[in-house]
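Contents: one structure, followed by commentary.
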Amino acid sequence: MLVVVVLLVTVAMRVAIVAAVTYLLLPRGPLCPHCGIEMAALENRFLDHWLTALQRRWCLECGWDGVVRRVRRAPMRAPTRPQAPRPTAS
Ligand SMILES: [Zn+2]
């Protein structure tokens, strides 16, 4: 019985290592790995529901499409009111 547990644990560790290396090899962010422009996000039910750290994207410039690591963007700041110009002393 101990042999079965040890084999299952080693298989699970291999799966975890392969998943981690595969994740790290994926391109990061919305920029195309070939031409560097921002790619369009594609809807993928599996990735959007089960693997939210990944996202499928398509480059409109060179046609590259694939899975990339999703990058969280910094929260947008509320637009500040433009200040009225100060009167200058003249
Ligand atoms: Zn491209």
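FYI, nothing fancy with the structure tokens labels: chains A, B, ... in order, residues from 1 per chain, ligands from 1 as they appear.
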Which residues of chain A come within 6 Å of ligand 1, and for each one, what is the closest pair of atoms and their distance in Å to one decimal, counting only C-alpha atoms and all ligand atoms, sorted by chain and residue number, as a tab-separated table?
```
residue	atom	partner	partner_atom_place_in_ligand_line	distance
A:Cys32	CA	ligand 1	1 (Zn)	4.7
A:His34	CA	ligand 1	1 (Zn)	4.9
A:Cys35	CA	ligand 1	1 (Zn)	4.3
A:Cys59	CA	ligand 1	1 (Zn)	4.7
A:Glu61	CA	ligand 1	1 (Zn)	5.1
A:Cys62	CA	ligand 1	1 (Zn)	4.2
A:Trp64	CA	ligand 1	1 (Zn)	5.5
```
Suppose we keep all heavy atoms; can you now write the selection as a PDB file, in the first residue's frame?
```
ATOM      1  N   CYS A  32       1.642  41.282 -27.960  1.00  0.00           N
ATOM      2  CA  CYS A  32       1.987  40.183 -28.855  1.00  0.00           C
ATOM      3  C   CYS A  32       3.469  39.831 -28.686  1.00  0.00           C
ATOM      4  O   CYS A  32       4.321  40.723 -28.676  1.00  0.00           O
ATOM      5  CB  CYS A  32       1.708  40.582 -30.298  1.00  0.00           C
ATOM      6  SG  CYS A  32       2.192  39.337 -31.492  1.00  0.00           S
ATOM      7  N   HIS A  34       5.365  38.588 -30.855  1.00  0.00           N
ATOM      8  CA  HIS A  34       6.075  38.789 -32.116  1.00  0.00           C
ATOM      9  C   HIS A  34       6.216  40.266 -32.461  1.00  0.00           C
ATOM     10  O   HIS A  34       7.307  40.735 -32.746  1.00  0.00           O
ATOM     11  CB  HIS A  34       5.358  38.061 -33.251  1.00  0.00           C
ATOM     12  CG  HIS A  34       5.433  36.584 -33.131  1.00  0.00           C
ATOM     13  ND1 HIS A  34       6.557  35.869 -33.444  1.00  0.00           N
ATOM     14  CD2 HIS A  34       4.538  35.676 -32.691  1.00  0.00           C
ATOM     15  CE1 HIS A  34       6.351  34.589 -33.226  1.00  0.00           C
ATOM     16  NE2 HIS A  34       5.124  34.442 -32.757  1.00  0.00           N
ATOM     17  N   CYS A  35       5.097  40.988 -32.471  1.00  0.00           N
ATOM     18  CA  CYS A  35       5.169  42.376 -32.928  1.00  0.00           C
ATOM     19  C   CYS A  35       4.965  43.401 -31.810  1.00  0.00           C
ATOM     20  O   CYS A  35       5.186  44.582 -32.040  1.00  0.00           O
ATOM     21  CB  CYS A  35       4.191  42.627 -34.070  1.00  0.00           C
ATOM     22  SG  CYS A  35       2.540  42.047 -33.803  1.00  0.00           S
ATOM     23  N   CYS A  59      -3.636  38.317 -32.132  1.00  0.00           N
ATOM     24  CA  CYS A  59      -2.979  39.527 -32.632  1.00  0.00           C
ATOM     25  C   CYS A  59      -3.593  39.905 -33.971  1.00  0.00           C
ATOM     26  O   CYS A  59      -3.620  39.098 -34.905  1.00  0.00           O
ATOM     27  CB  CYS A  59      -1.478  39.303 -32.778  1.00  0.00           C
ATOM     28  SG  CYS A  59      -0.608  40.751 -33.396  1.00  0.00           S
ATOM     29  N   GLU A  61      -2.400  42.162 -35.939  1.00  0.00           N
ATOM     30  CA  GLU A  61      -1.349  42.561 -36.870  1.00  0.00           C
ATOM     31  C   GLU A  61      -0.722  41.364 -37.575  1.00  0.00           C
ATOM     32  O   GLU A  61      -0.667  41.306 -38.788  1.00  0.00           O
ATOM     33  CB  GLU A  61      -0.280  43.351 -36.105  1.00  0.00           C
ATOM     34  CG  GLU A  61       0.813  43.910 -36.965  1.00  0.00           C
ATOM     35  CD  GLU A  61       0.350  45.109 -37.782  1.00  0.00           C
ATOM     36  OE1 GLU A  61      -0.645  45.743 -37.377  1.00  0.00           O
ATOM     37  OE2 GLU A  61       0.971  45.389 -38.820  1.00  0.00           O
ATOM     38  N   CYS A  62      -0.254  40.375 -36.805  1.00  0.00           N
ATOM     39  CA  CYS A  62       0.469  39.255 -37.413  1.00  0.00           C
ATOM     40  C   CYS A  62      -0.332  37.956 -37.392  1.00  0.00           C
ATOM     41  O   CYS A  62       0.089  36.962 -37.980  1.00  0.00           O
ATOM     42  CB  CYS A  62       1.808  39.050 -36.711  1.00  0.00           C
ATOM     43  SG  CYS A  62       1.689  38.440 -35.024  1.00  0.00           S
ATOM     44  N   TRP A  64      -0.995  36.021 -34.800  1.00  0.00           N
ATOM     45  CA  TRP A  64      -0.647  35.069 -33.745  1.00  0.00           C
ATOM     46  C   TRP A  64      -1.826  34.944 -32.785  1.00  0.00           C
ATOM     47  O   TRP A  64      -2.441  35.930 -32.414  1.00  0.00           O
ATOM     48  CB  TRP A  64       0.579  35.577 -32.987  1.00  0.00           C
ATOM     49  CG  TRP A  64       1.069  34.621 -31.953  1.00  0.00           C
ATOM     50  CD1 TRP A  64       1.976  33.625 -32.137  1.00  0.00           C
ATOM     51  CD2 TRP A  64       0.696  34.566 -30.566  1.00  0.00           C
ATOM     52  NE1 TRP A  64       2.171  32.966 -30.957  1.00  0.00           N
ATOM     53  CE2 TRP A  64       1.404  33.504 -29.984  1.00  0.00           C
ATOM     54  CE3 TRP A  64      -0.175  35.302 -29.775  1.00  0.00           C
ATOM     55  CZ2 TRP A  64       1.274  33.169 -28.643  1.00  0.00           C
ATOM     56  CZ3 TRP A  64      -0.311  34.962 -28.446  1.00  0.00           C
ATOM     57  CH2 TRP A  64       0.420  33.910 -27.891  1.00  0.00           C
TER      58      TRP A  64
END
```
From a backbone DSSP assignment, name each residue in region 17-63 of chain A labelled alpha helix (DSSP H), as a short mmCIF file (atom, residue, chain, number, x, y, z; two decimals) with N, CA and C atoms, in the first residue's frame.
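What landed in selection.cif:
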```cif
data_model
loop_
_atom_site.label_atom_id
_atom_site.label_comp_id
_atom_site.auth_asym_id
_atom_site.auth_seq_id
_atom_site.Cartn_x
_atom_site.Cartn_y
_atom_site.Cartn_z
N ILE A 17 4.83 19.96 -11.47
CA ILE A 17 6.04 20.58 -12.02
C ILE A 17 5.81 20.94 -13.49
N VAL A 18 5.23 20.03 -14.26
CA VAL A 18 4.97 20.31 -15.68
C VAL A 18 4.00 21.47 -15.82
N ALA A 19 2.96 21.53 -14.98
CA ALA A 19 2.01 22.64 -15.05
C ALA A 19 2.69 23.96 -14.71
N ALA A 20 3.54 23.98 -13.72
CA ALA A 20 4.22 25.21 -13.33
C ALA A 20 5.17 25.68 -14.42
N VAL A 21 5.93 24.77 -15.01
CA VAL A 21 6.87 25.16 -16.07
C VAL A 21 6.11 25.64 -17.30
N THR A 22 5.03 24.97 -17.65
CA THR A 22 4.22 25.39 -18.79
C THR A 22 3.66 26.79 -18.55
N TYR A 23 3.17 27.04 -17.35
CA TYR A 23 2.64 28.37 -17.03
C TYR A 23 3.71 29.44 -17.16
N LEU A 24 4.92 29.13 -16.68
CA LEU A 24 5.98 30.13 -16.74
C LEU A 24 6.48 30.36 -18.16
N LEU A 25 6.31 29.39 -19.05
CA LEU A 25 6.76 29.56 -20.43
C LEU A 25 5.78 30.36 -21.29
N ARG A 45 -14.58 29.62 -22.92
CA ARG A 45 -15.35 29.22 -21.73
C ARG A 45 -14.53 28.48 -20.71
N PHE A 46 -13.68 27.57 -21.18
CA PHE A 46 -12.89 26.77 -20.24
C PHE A 46 -11.90 27.64 -19.46
N LEU A 47 -11.15 28.46 -20.20
CA LEU A 47 -10.14 29.28 -19.53
C LEU A 47 -10.79 30.35 -18.65
N ASP A 48 -11.86 30.97 -19.14
CA ASP A 48 -12.49 32.05 -18.37
C ASP A 48 -13.17 31.53 -17.11
N HIS A 49 -13.57 30.27 -17.14
CA HIS A 49 -14.30 29.74 -15.99
C HIS A 49 -13.39 28.95 -15.05
#
```
Response to the item:
Using only C-alpha atoms, the residue out of A:Ile37, A:Val71, A:Pro30, A:Leu2 with shortest distance to Arg57 (chain A) is A:Pro30
Practice prompt. Could you give me, as a list in words, the residues within 9 Å of Val67 (chain A), counting only C-alpha atoms and dropping anything in the same chain fewer than 3 positions from it?
Written response: Leu26, Pro27, Leu54, Gln55, Arg56, Arg57 and Trp58 of chain A
Discussion item. Taking the DSSP secondary structure from the backbone, can you list the residues of region 13-82 of chain A that are strand (DSSP E or B), as a PyMOL selection string?
Written reply: chain A and resi 28+31+38+40-42+54-58+65-69
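Between CA of Met39 (chain A) and CA of Val68 (chain A) lies a distance of 10.3 Å.
Separating CA of Leu60 (chain A) from CA of Ala40 (chain A) is a distance of 7.1 Å.
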Worksheet entry | Using only C-alpha atoms: which of A:Val4, A:Asp65, A:Leu51, A:Thr10 has the shortest distance to Glu38 (chain A) | A:Asp65
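One finds CA of Arg69 (chain A) at 4.7 Å from CA of Arg28 (chain A).
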